[in-house]
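Quick notes on the structure that follows.
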4 protein chains.
Amino acid sequence: MTVQEVDLLCVGAGGAAYPAAFRLAKAGKKVLMVDPKGVMSGNCLYEGCVPSKAVRETAAFYQDAQRFQPYGLGGNLHVDFAALMQHKDAIQERRYAQHAAELAAEPLIRLIKGVARLLDPHTVKVDSDAGTDTYHARHILIASGSDVFIPPLPGAEWCLTSHDLYKPSPAMRALPEKLLVIGGGYIGLETATFFAALGTEVTLLQKGAQILNGMDPGMVNLLLPLLPKGLELRTNVEVQRVENTGSGRRVVWLEDGKEQNQEVDAVLLAVGRRPVIPEGAEALGIAFDHHGIQVGPSLQTRFPHIYAAGDVNGRVPLFHAAVRQSLVAGHNILAGNVPTDYADFDHVPTTIFTLPAAAYIGLTPAKVSPGSLLEARYAFSEDSRAQILERLDGEIRLFFEPGSLRIRGAWIVGIDAGSLIGQVGTAIAGGMTAYDLARFADQHPMSAEGIGKAARNLL
Amino acid sequence: MTVQEVDLLCVGAGGAAYPAAFRLAKAGKKVLMVDPKGVMSGNCLYEGCVPSKAVRETAAFYQDAQRFQPYGLGGNLHVDFAALMQHKDAIQERRYAQHAAELAAEPLIRLIKGVARLLDPHTVKVDSDAGTDTYHARHILIASGSDVFIPPLPGAEWCLTSHDLYKPSPAMRALPEKLLVIGGGYIGLETATFFAALGTEVTLLQKGAQILNGMDPGMVNLLLPLLPKGLELRTNVEVQRVENTGSGRRVVWLEDGKEQNQEVDAVLLAVGRRPVIPEGAEALGIAFDHHGIQVGPSLQTRFPHIYAAGDVNGRVPLFHAAVRQSLVAGHNILAGNVPTDYADFDHVPTTIFTLPAAAYIGLTPAKVSPGSLLEARYAFSEDSRAQILERLDGEIRLFFEPGSLRIRGAWIVGIDAGSLIGQVGTAIAGGMTAYDLARFADQHPMSAEGIGKAARNLL
Amino acid sequence: MTVQEVDLLCVGAGGAAYPAAFRLAKAGKKVLMVDPKGVMSGNCLYEGCVPSKAVRETAAFYQDAQRFQPYGLGGNLHVDFAALMQHKDAIQERRYAQHAAELAAEPLIRLIKGVARLLDPHTVKVDSDAGTDTYHARHILIASGSDVFIPPLPGAEWCLTSHDLYKPSPAMRALPEKLLVIGGGYIGLETATFFAALGTEVTLLQKGAQILNGMDPGMVNLLLPLLPKGLELRTNVEVQRVENTGSGRRVVWLEDGKEQNQEVDAVLLAVGRRPVIPEGAEALGIAFDHHGIQVGPSLQTRFPHIYAAGDVNGRVPLFHAAVRQSLVAGHNILAGNVPTDYADFDHVPTTIFTLPAAAYIGLTPAKVSPGSLLEARYAFSEDSRAQILERLDGEIRLFFEPGSLRIRGAWIVGIDAGSLIGQVGTAIAGGMTAYDLARFADQHPMSAEGIGKAARNLL
Amino acid sequence: MTVQEVDLLCVGAGGAAYPAAFRLAKAGKKVLMVDPKGVMSGNCLYEGCVPSKAVRETAAFYQDAQRFQPYGLGGNLHVDFAALMQHKDAIQERRYAQHAAELAAEPLIRLIKGVARLLDPHTVKVDSDAGTDTYHARHILIASGSDVFIPPLPGAEWCLTSHDLYKPSPAMRALPEKLLVIGGGYIGLETATFFAALGTEVTLLQKGAQILNGMDPGMVNLLLPLLPKGLELRTNVEVQRVENTGSGRRVVWLEDGKEQNQEVDAVLLAVGRRPVIPEGAEALGIAFDHHGIQVGPSLQTRFPHIYAAGDVNGRVPLFHAAVRQSLVAGHNILAGNVPTDYADFDHVPTTIFTLPAAAYIGLTPAKVSPGSLLEARYAFSEDSRAQILERLDGEIRLFFEPGSLRIRGAWIVGIDAGSLIGQVGTAIAGGMTAYDLARFADQHPMSAEGIGKAARNLL
């Protein structure tokens with residue numbers, strides 16, 4: 001059997017893999033991606049951000065439609081969950097087709113549906129339906145992503161995961177009347193609000209005291225009361241077990257020392273994700289822990305030619321962070337494994353796509369010592385666009401370095417939070433100050449007015 | 001009669017006036033605003049951006065609802081134009097109430113419903129219902145705005161203007177079946193698309209060859225084919241007269257040398273606006289032409305203590321430009337009429353709120369000599385969010401200084417154009433480069449991904 | 001007696017006072033400065049940066065001349081200390097004359113030689129040769145500076161201070177053969193090196209273990225071995241007393257538990273400076289400690305209209321920091337005591353004008369936790385200009401935020417350190433990154449090449 | 001004969017070649033440089049910036065010494081021209097040794113003394129003492145630099161060029177009493193001032209009306225009167241011939257229609273440089289004119305893998321521009337000949353190293369239409385450091401985009417012009433504004449104070 005040569009072998013074909021692959025191919029390099037799904041875009045498209053946002057946008061639209069009825073739209077709308085799921089499936093299909101076309105147009109990249117094992121620092125075995133092949137890779141990009149974490153919970157097998165819910169052609173085609181979500185991280189909370197907005201009665205159980213644990217409490221505490229009615233959040237709860245009742249599921253938990261339970265149509269188990277460490281990495285001495293493979297901003301492991309990008313390194317488990325990291329790895333590979341580009345783990349815009357959304361970036365008060373950030377605020381209640389949309393809740397909070405007034409972070413809850421955090425992120429990327437933001441004529445009547453107005457409050 | 005002293009007298013109380021007024025009051029200065037409407041916010045709130053956007057958002061929502069029906073929302077919606085107008089009125093009422101509260105909370109600012117005449121560089125007569133008073137003003141801010149221009153067209157009196165359409169409690173309470181718009185500037189085109197989206201059959205007549213004359217043809221030509229069906233655009237047309245047919249209006253025009261005509265329910269006359277020069281300005285030797293009062297970036301007239309901001313100077317007739325200019329004037333007044341802040345007329349984000357919208361900022365190819373800008377593109381057809389929303393048309397075009405790759409301008413047609421141009425504008429305000437934009441991890445799946453992706457196409 | 005009104009009363013007329021005074025006068029405001037010296041520029045010109053630099057430049061020149069003799073300049077030079085002191089005096093005279101002319105040209109500013117006492121938040125008594133006057137001040141700027149701190153050391157009266165050495169027409173007109181400096185702060189060390197370079201035998205005694213205590217040890221340790229021969233540094237020394245021997249001074253100290261002594265021609269006592277708190281400040285409840293009056297970046301005390309700028313607030317006791325702070329205060333006064341400008345205490349370029357100089361700005365490793373800054377280096381030994389000047393010692397160290405590569409600080413020892421730190425400071429002020437610095441074509445053959453080269457080492 | 005493979009073949013080994021070579025070697029690529037001198041650094045080190053600056057610094061030092069004598073330095077200095085030339089030679093030797101060591105430490109780079117001919121887009125013949133070899137190059141970097149242009153002037157053979165003057169071990173070992181320079185470009189003018197400062201009587205003849213033709217007249221007109229006494233500038237002069245008089249040279253020229261002549265010890269012919277186009281380039285269809293090979297910011301010729309950097313492309317014939325361009329080419333090669341880095345030809349700091357120096361960058365008034373730049377000034381006569389050095393002449397002029405106040409260019413004449421333009425250049429590279437510059441606390445007493453002060457004049 002011949003050993004085949006590639007310039008880059010990507011373990012995975014998701015957002016942490018394919019940007020580097022295409023960048024290298026553009027430079028004339030030969031790339032192999034190995035992915036168990038056999039398609040590009042990883043879990044983001046398969047069961048993550050894209051399909052969940054498809055559900056979300058319909059839920060948001062339904063919510064808006066109810067809100068807008070007094071404002072010039074008569075008639076009525078009702079949720080057609082089967083059609084919604086079909087729409088979600090169609091988007092996934094379209095993107096898979098688009099990715100397939102991109103791949104077909106790039107002869108230097110090959111994607112194998114299979115599993116990769118690292119044999120030595122330059123040798124990778126690939127097991128696929130076609131058998132096992134061996135590749136000699138000048139560079140390796142570990143981009144194997146993460147998987148849903150299934151805890152040792154009795155009855156976990158009766159629960160759905162985000163995979164079950166969002167994957168192409170999922171089983172659920174009717175809107176459940178009652179849904180219970182175990183886990184108050186962003187995946188659990190987002191899904192809980194989508195269903196609540198669509199009309200499901202949702203209970204969310206969180207082990208600890210804070211929903212969205214680890215995020216700025218100021219932001220979280222502003223967000224939670226704004227979530228859709230029909231969503232009940234219970235914290236400090238210890239789930240004991242999940243039972244199959246035949247017609248549904250019963251979840252039993254301890255709360256305030258007492259056992260409680262609820263019967264629902266479906267249970268979503270969303271207590272976290274874990275990195276997928278490829279076979280062979282440990283034997284090669286590539287360091288990792290339960291967060292993922294340890295890398296710095298150059299994304300190199302102990303082997304300068306072996307990189308780890310995306311969820312598998314656990315630094316910023318978001319698709320767009322993975323894309324940027326993939327390009328960093330790609331650039332460093334092209335530069336001969338000499339760091340020439342660096343991932344900035346600390347300034348990645350993040351949106352919690354609840355309804356309404358919350359978003360943040362960079363330093364916020366909870367991360368620093370008191371007094372080390374200067375705060376500027378804007379309330380959407382005074383915002384023209386918010387008033388036009390009748391969505392008056394929420395705030396923009398910007399955080400500046402005192403003295404220089406350089407912007408270091410922000411959080412936003414309310415309308416357009418996701419796009420506004422992008423604009424703030426651009427300002428952070430540009431090293432801009434409150435002076436700069438205050439001088440810019442943000443448009444009227446648009447929610448970005450609040451960025452300039454907040455900055456002007458300091459000036 | 002006693003002459004009353006004020007630190008600042010604002011001729012007008014709109015977006016070019018009140019930000020300066022409140023900034024000065026915050027600094028302990030006494031301010032008088034004189035406005036014929038007797039309320040704050042000028043034409044923007046009275047008949048401009050806010051009410052038109054109220055109509056627009058409902059129209060957009062109706063358009064989206066039709067598009068979204070296959071994607072999970074059954075049932076149906078129909079336009080209730082009377083409710084829509086009531087919604088528009090309610091927003092205006094709410095904002096007027098908010099402004100009244102702001103005013104009531106600031107004892108140093110007084111707003112008189114009346115008309116101001118400049119007698120000498122520091123003396124202003126104010127005619128109001130209470131009679132005529134004379135004020136000695138340490139500083140004067142001319143912020144008298146602009147008005148609809150009514151050309152000498154036979155039958156112009158049978159036409160509506162944007163004032164008639166958007167003012168509080170307008171006469172039109174039912175959706176016209178047919179509407180004819182005279183004038184292809186942004187006001188005419190925006191309104192034409194709103195009505196078309198709501199179901200009206202709309203014809204727009206433009207004198208010259210280009211709709212949105214003066215804007216980048218690349219942008220305009222991409223936009224026009226995406227406008228709602230039911231909107232017919234006719235260019236190179238000479239309108240002859242408008243007649244009252246009793247049941248409606250007949251518009252007669254010359255096209256290709258032939259007279260043509262159309263009978264419609266209503267005609268919107270939207271051929272431009274003209275600055276409102278306050279009485280007395282000419283006698284004081286304050287220079288102006290048909291664009292407005294001539295000022296540079298410090299907004300000072302020939303008298304260092306007399307400023308002209310907003311539409312009246314004709315530089316950038318947009319509310320947010322006026323707000324920024326008002327603050328520039330306010331800052332310079334506080335600084336003792338020594339220029340200390342400057343308005344940047346050349347980098348104001350501008351959105352044409354058609355459906356879809358188009359937006360631009362700074363330098364675009366039509367403004368410069370060939371080859372002096374490096375272009376980067378992104379098509380929404382490949383955009384995740386565009387696909388989720390099923391709105392695949394449109395593009396982002398970014399323009400960079402070759403060599404430095406500093407971003408100098410952009411235009412965008414399609415989803416989120418208005419908010420995206422704000423993010424690009426922030427980058428311009430920060431003096432950022434394509435390198436900076438490419439390194440920023442724009443969020444997925446959001447349309448701002450296109451900004452980073454476009455920049456990466458150069459790198 | 002009439003109370004006189006002023007818009008601003010400055011307690012002091014130094015670098016923390018007059019920039020605000022002139023800015024306000026430019027805006028038409030009436031200003032009174034009260035200063036015990038009766039001249040502008042405070043201790044900087046009287047006994048600080050300007051005269052010391054006059055001595056320094058001649059010392060540097062003499063040092064260079066010796067170094068350059070083999071490189072094309074025959075003949076010889078010798079120090080003429082009396083002429084040097086005359087030169088120093090002449091520079092001071094010229095600048096005083098220049099300042100007097102500036103003052104004469106500005107009728108809105110008055111400078112009184114006298115002492116100010118705060119009576120209440122708006123009333124200031126001024127004692128001068130003309131008697132005592134009372135002023136009502138709309139705003140007060142406390143800019144009373146700092147004075148040499150004289151510790152309770154027996155025989156302190158036999159020591160010189162920097163005041164004695166650098167003031168106009170100082171007593172010392174001949175170069176001492178032996179000089180002992182008590183205090184290893186920057187004033188003591190600078191003066192020690194000037195005299196050593198001019199040919200004096202100098203001993204410097206420092207109480208603690210580190211010369212230039214509080215500065216980054218990496219920088220200090222690189223600097224010290226490069227200082228002129230003839231300069232002996234002794235640390236961990238406890239000075240006991242100074243005696244007048246008639247022909248000179250004897251300094252007695254404890255070192256390693258043993259008493260030691262040295263007889264020298266002169267002793268410079270340079271163990272620090274203390275803020276000059278104006279009379280009445282304490283009674284008004286204006287908070288201060290031994291560092292100075294407590295203010296934040298807006299420079300306001302508990303009274304929004306009373307500011308403290310410069311050495312008196314102890315934040316960054318440097319003339320250029322005072323100038324910037326003075327302008328911040330001035331801007332905030334003009335803005336009606338609403339913070340509108342902020343002093344950035346954390347990013348002020350600082351040069352130790354030793355021979356060679358050392359300079360720093362912002363964050364350096366000693367101020368942060370390990371690993372939180374990414375370092376880039378450049379050694380002058382490889383520098384073209386350093387080689388041309390035969391001055392190969394020293395380094396540039398730049399410190400970046402990992403990930404973003406935003407520049408956060410630097411230190412430099414060697415040629416052009418003072419001007420190079422200014423260029424780095426500009427980059428910090430602009431929020432620039434290593435990428436930006438690396439792309440800029442720093443000139444050849446100039447020492448600034450090292451900035452770009454250091455940055456490129458990361459890329 | 002075997003064809004040898006290299007990743008990169010550099011035609012030349014100067015500043016446009018070796019940075020790319022070392023960057024590629026760092027990335028593991030094999031590089032061959034072919035240079036007729038057989039050493040690194042090209043004409044800059046051989047006969048350009050480095051040796052001329054060695055002469056310059058001694059001349060400057062001698063000038064300063066004379067100026068400083070009244071200020072504390074007795075004795076006297078005289079020029080020892082032979083020692084000066086020896087110093088110059090020593091610097092060159094040191095740098096050649098340093099470069100040799102760098103080369104020796106990098107086994108992936110080979111430097112051949114020889115001449116390269118392009119045979120086809122990937123094949124290069126190299127003629128050297130060892131014979132002729134053929135190389136297959138994956139990429140080619142044309143970095144063949146420029147040469148002194150010798151015009152068809154009768155007697156040109158009796159003139160020296162900058163090559164003759166500055167090369168290692170030049171013939172001239174004694175200071176000429178009289179020197180005539182033909183050509184008023186920066187090379188001619190710099191050399192003329194060095195000799196004038198050293199004591200030579202110098203006449204400079206310029207064909208056209210402006211010395212430093214092509215540079216901003218405002219800057220040039222301020223500079224010329226400050227040049228050393230003993231330097232006579234004659235413009236609008238047509239040189240007819242140069243004669244060998246035995247003891248010296250006679251130059252005959254037409255001026256105002258009359259023939260004039262002068263006998264001098266030596267004549268420097270400095271009427272420009274021309275690109276050195278490698279043999280074979282024309283046959284390959286690589287476009288060039290008398291300025292050089294035509295390239296855009298990516299530095300690629302019509303062959304994406306063949307680059308032209310440095311003087312040979314004629315864009316910015318300065319060593320530091322060449323270094324940056326070399327890296328741009330190197331980065332683009334590593335990126336697979338996909339443009340990923342761009343040279344900014346328009347913002348390269350440039351210093352005319354006359355005594356005093358003049359420096360400029362970016363846009364200056366002469367390059368743009370009137371009114372399109374906002375100017376800010378600072379005169380060194382008010383500068384503390386200038387006063388300390390008794391060098392009061394000169395100015396800083398900064399040029400900003402009106403409105404945004406973004407800095408677009410500058411020129412500076414006087415002390416520290418060269419380092420100050422670097423600081424301004426950093427601000428330009430950072431996209432900074434006058435607001436940013438004004439907020440930065442430039443150090444006192446240093447000439448960079450003028451940058452902030454100039455900016456503050458606008459604020």
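Residue names in the structure tokens use chain letters A, B, ... in the order shown, residue numbers from 1 in each chain, and ligand numbers from 1 in the order shown.
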
- Quick one: pick out all alpha helix (DSSP H) residues within range 88-332 of chain A from a backbone DSSP run and write them as a PyMOL selection string. chain A and resi 88-104+162-166+186-198+217-223+319-332

Go through range 29-191 of chain A and collect every residue that DSSP, computed from the backbone, puts in strand (DSSP E); the answer should be as an mmCIF file with C-alpha atoms, in the first residue's frame.
data_model
loop_
_atom_site.group_PDB
_atom_site.id
_atom_site.type_symbol
_atom_site.label_atom_id
_atom_site.label_comp_id
_atom_site.auth_asym_id
_atom_site.auth_seq_id
_atom_site.Cartn_x
_atom_site.Cartn_y
_atom_site.Cartn_z
ATOM 1 C CA VAL A 31 -5.404 19.073 1.471
ATOM 2 C CA LEU A 32 -7.264 16.119 2.897
ATOM 3 C CA MET A 33 -10.135 16.543 5.324
ATOM 4 C CA VAL A 34 -11.378 13.518 7.235
ATOM 5 C CA ASP A 35 -14.735 13.834 8.918
ATOM 6 C CA LEU A 73 -51.444 43.616 10.355
ATOM 7 C CA GLY A 74 -54.808 41.994 10.724
ATOM 8 C CA GLY A 75 -55.486 38.280 10.281
ATOM 9 C CA ASN A 76 -53.628 35.646 12.233
ATOM 10 C CA LEU A 77 -50.745 33.263 12.080
ATOM 11 C CA HIS A 78 -50.270 29.915 13.690
ATOM 12 C CA VAL A 79 -47.227 27.751 14.011
ATOM 13 C CA ILE A 109 -9.118 19.418 -1.510
ATOM 14 C CA ARG A 110 -10.450 15.956 -0.845
ATOM 15 C CA LEU A 111 -12.957 15.141 1.856
ATOM 16 C CA ILE A 112 -13.215 11.573 3.148
ATOM 17 C CA LYS A 113 -16.021 10.341 5.328
ATOM 18 C CA GLY A 114 -14.096 8.515 7.945
ATOM 19 C CA VAL A 115 -12.104 8.602 11.126
ATOM 20 C CA ALA A 116 -8.498 9.712 11.472
ATOM 21 C CA ARG A 117 -5.922 8.273 13.847
ATOM 22 C CA LEU A 118 -2.549 9.893 14.451
ATOM 23 C CA LEU A 119 0.231 7.336 14.208
ATOM 24 C CA ASP A 120 3.221 9.595 14.445
ATOM 25 C CA THR A 123 1.458 9.873 9.694
ATOM 26 C CA VAL A 124 -2.297 9.527 9.878
ATOM 27 C CA LYS A 125 -4.411 6.450 9.336
ATOM 28 C CA VAL A 126 -7.860 6.995 7.932
ATOM 29 C CA ASP A 127 -10.590 4.410 8.382
ATOM 30 C CA SER A 128 -13.440 4.766 5.946
ATOM 31 C CA GLY A 131 -10.917 0.607 4.078
ATOM 32 C CA THR A 132 -7.903 1.984 5.830
ATOM 33 C CA ASP A 133 -5.399 4.297 4.198
ATOM 34 C CA THR A 134 -2.223 5.869 5.430
ATOM 35 C CA TYR A 135 -1.260 9.450 4.746
ATOM 36 C CA HIS A 136 1.905 11.376 5.213
ATOM 37 C CA ALA A 137 0.890 14.898 6.191
ATOM 38 C CA ARG A 138 3.275 17.822 6.161
ATOM 39 C CA HIS A 139 0.887 19.560 8.537
ATOM 40 C CA ILE A 140 -2.023 18.404 10.643
ATOM 41 C CA LEU A 141 -4.941 20.488 11.794
ATOM 42 C CA ILE A 142 -6.904 18.868 14.580
ATOM 43 C CA SER A 146 -16.975 18.688 20.335
ATOM 44 C CA ASP A 147 -19.884 16.444 21.139
ATOM 45 C CA VAL A 148 -22.846 16.628 23.437
ATOM 46 C CA LYS A 178 -44.577 20.440 27.370
ATOM 47 C CA LEU A 179 -40.821 20.409 27.230
ATOM 48 C CA LEU A 180 -38.340 20.099 30.050
ATOM 49 C CA VAL A 181 -34.774 21.281 29.534
ATOM 50 C CA ILE A 182 -31.995 20.017 31.779
#

- Quick one: which residues from chain A are at most 9 Å off chain C, using only C-alpha atoms, as a list in words? Gly296, Pro297, Ser298, Val338, Pro339, Thr340, Asp341, Tyr342, Ala343, Asp344, Phe345, Asp346, His347, Pro402, Gly403, Ser404, Leu405, Arg406, Ala429, Gly430, Gly431, Met432, Thr433, Tyr435, Arg456, Asn457, Leu458 and Leu459 of chain A

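Interatomic distance, CA of Pro121 in chain C to CA of Ile306 in chain C: 7.6 Å.
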
- Task: Find the residues around Ala309 in chain C up to 6 Å (only C-alpha atoms counted), leave out those fewer than 6 positions away in its own chain, and share them as an MDAnalysis selection string.
- Result: chainID C and resid 16 143 325:326

Just write the chosen residues, C-alpha atoms, as a PDB file, in the first residue's frame.
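This is the output file result27.pdb:
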ATOM      1  CA  ALA C  16      -0.360  72.111  35.298  1.00  0.00           C
ATOM      2  CA  ALA C 143      -1.645  73.275  40.377  1.00  0.00           C
ATOM      3  CA  GLN C 325      -3.792  67.229  32.817  1.00  0.00           C
ATOM      4  CA  SER C 326      -4.027  70.993  32.727  1.00  0.00           C
TER       5      SER C 326
END
